[in-house]
Structures are given as C-alpha cells and as structure tokens.
Amino acid sequence: MSVSDIHTVSDRMLNLLLYPVAGWGVGLIGLYVLDQTAWALQLLYPLALWQGAIAAWWGRDLLRRLDREEVTYPQANAGVRSVGRILVATALCPILVFFAHDAFAPGTWSTGFGVLMVSAVSWVAVNGLVRVPGKWSHGAALVVAVLALPVSATGSVTVASMLGWYLVVVESTPLPDIIPHK
C-alpha cells in the first residue's frame, strides 16, 4: 500500500518552497531581457539559504510530530521524499542560466552535465536515505537535498568565471580595492 505525504507536507510548505523558485525564474527572464543572465547565478545563493531555512524548520517540526506520534514513519518518509525531491530539482536551476546565456556553447553542455550529475547523486542519496529506518536518516536526506543547490551553483559560478561571461557581474559589482599594506 502506498503512503501519501498529505499529512506531513502542507500546501503552505509547498508554497514556501515553490514560489521563491518561480520568482527566481521570473527574475531570470527579466535578466535575460536585460542581457544580464550572469546575475541569476548570484540569486541562487539567497534561494538556497531560504530553502535551507525552510527545510530545517519543517524538519524540526516533523521530528516533533514523530515524537508525539502524530505522523507515522511511512508518512514521514513520504514527506521527506517529496520535500527532498523538490530541493534536488531546484538544484537544476544553474542549467537554465547557462542555456539562457548561450545554448550552443560546449561549455554550456558540459556545465549542464555537471549540474545534472550533482542533482542525480543527490536524488539517489535522498531516495536511499529515506529507506533507512530511523528519524536521523530523514535529517541526512534533507541535508543532502539542501546542499545540492549551493554545490551546483558554486560549480556553475566557477565555470562561468573560467568562460569569462561572469565578468559582467564582477565588472558591474562594486568590489573593494585591494587593501594596501602599511
């Protein structure tokens, strides 16, 4: 018999996870129109912080509900699997930035493959950790899912820097001068 996540993942939780991703997507469209798509990579970091905070808050609440026996372990597994999959899918966002910049460049395809591999490993880890009995495996699954976006975004920023188009952000961002030694 299949167990649903309906008792563990509320509509409010889904909105808190998905609306910021949709906002980032709208922002990417605006940055594409302005020919400033490199900024979208920087916007992934606040998104990752938001998702990490929401996942920690939700995970703590889930552990409390498990302790009070308001939800069962199969229901908790279904909830962690659903939230983890959303977080891991969000880690694919850097691919959109690269394809918006230049869909035919070889660097785009290789970076896309790298981001896809990070997400695939995280996807397998989340689904595997959910199958391990115990509430601490739920926390580990959420940590893996939350870390997927910053890891893929950081790798993407590194590749964008090597390709040179990330210089648009560096040139337009006021950075401090090198502090001279006295």
# chains A, B, ... in the order shown; residues from 1 in each chain; ligands from 1
>>> closest_atom_pairs(of="range 11-66 of chain A", to="range 88-101 of chain A", cutoff="8 Å", atoms="only C-alpha atoms", output="tab-separated table")
residue	atom	partner	partner_atom	distance
A:Val21	CA	A:Thr90	CA	7.2
A:Leu28	CA	A:Val97	CA	7.4
A:Tyr32	CA	A:Ala100	CA	6.8
A:Thr37	CA	A:His101	CA	6.3
A:Ala38	CA	A:Val97	CA	7.1
A:Ala40	CA	A:Val97	CA	6.6
A:Leu41	CA	A:Pro94	CA	6.6
>>> write_last_selection(atoms="C-alpha atoms", output="mmCIF file, in the first residue's frame")
data_model
loop_
_atom_site.group_PDB
_atom_site.id
_atom_site.type_symbol
_atom_site.label_atom_id
_atom_site.label_comp_id
_atom_site.auth_asym_id
_atom_site.auth_seq_id
_atom_site.Cartn_x
_atom_site.Cartn_y
_atom_site.Cartn_z
ATOM 1 C CA VAL A 21 11.789 29.211 -7.238
ATOM 2 C CA LEU A 28 15.895 35.040 -14.868
ATOM 3 C CA TYR A 32 17.687 37.618 -19.944
ATOM 4 C CA THR A 37 21.824 36.459 -17.094
ATOM 5 C CA ALA A 38 25.016 36.015 -15.060
ATOM 6 C CA ALA A 40 20.853 34.864 -11.910
ATOM 7 C CA LEU A 41 23.680 32.670 -10.591
#
>>> residues_around(residues="Trp58 in chain A", least_positions_apart="3", cutoff="12 Å", atoms="only C-alpha atoms", output="list in words")
Thr8, Val9, Ser10, Arg12, Met13, Leu14, Leu16, Leu17, Gln51, Gly52, Ala53, Ile54, Ala55, Asp61, Leu62, Leu63, Arg64, Arg65, Ala76, Gly79, Val80, Val83, Gly84, His138, Gly139 and Leu142 of chain A
>>> select_by_dssp(residues="range 9-174 of chain A", states="alpha helix (DSSP H)", output="number ranges by chain")
A: 11-33, 39-67, 73-90, 93-101, 106-131, 135-163, 167-172
>>> atom_distance(atom1="CA of Val71 in chain A", atom2="CA of Gly134 in chain A")
13.6 Å
>>> closest_residue(among="A:Asn77, A:Met117, A:Tyr19, A:Leu44", to="Gly59 in chain A", atoms="only C-alpha atoms")
A:Asn77
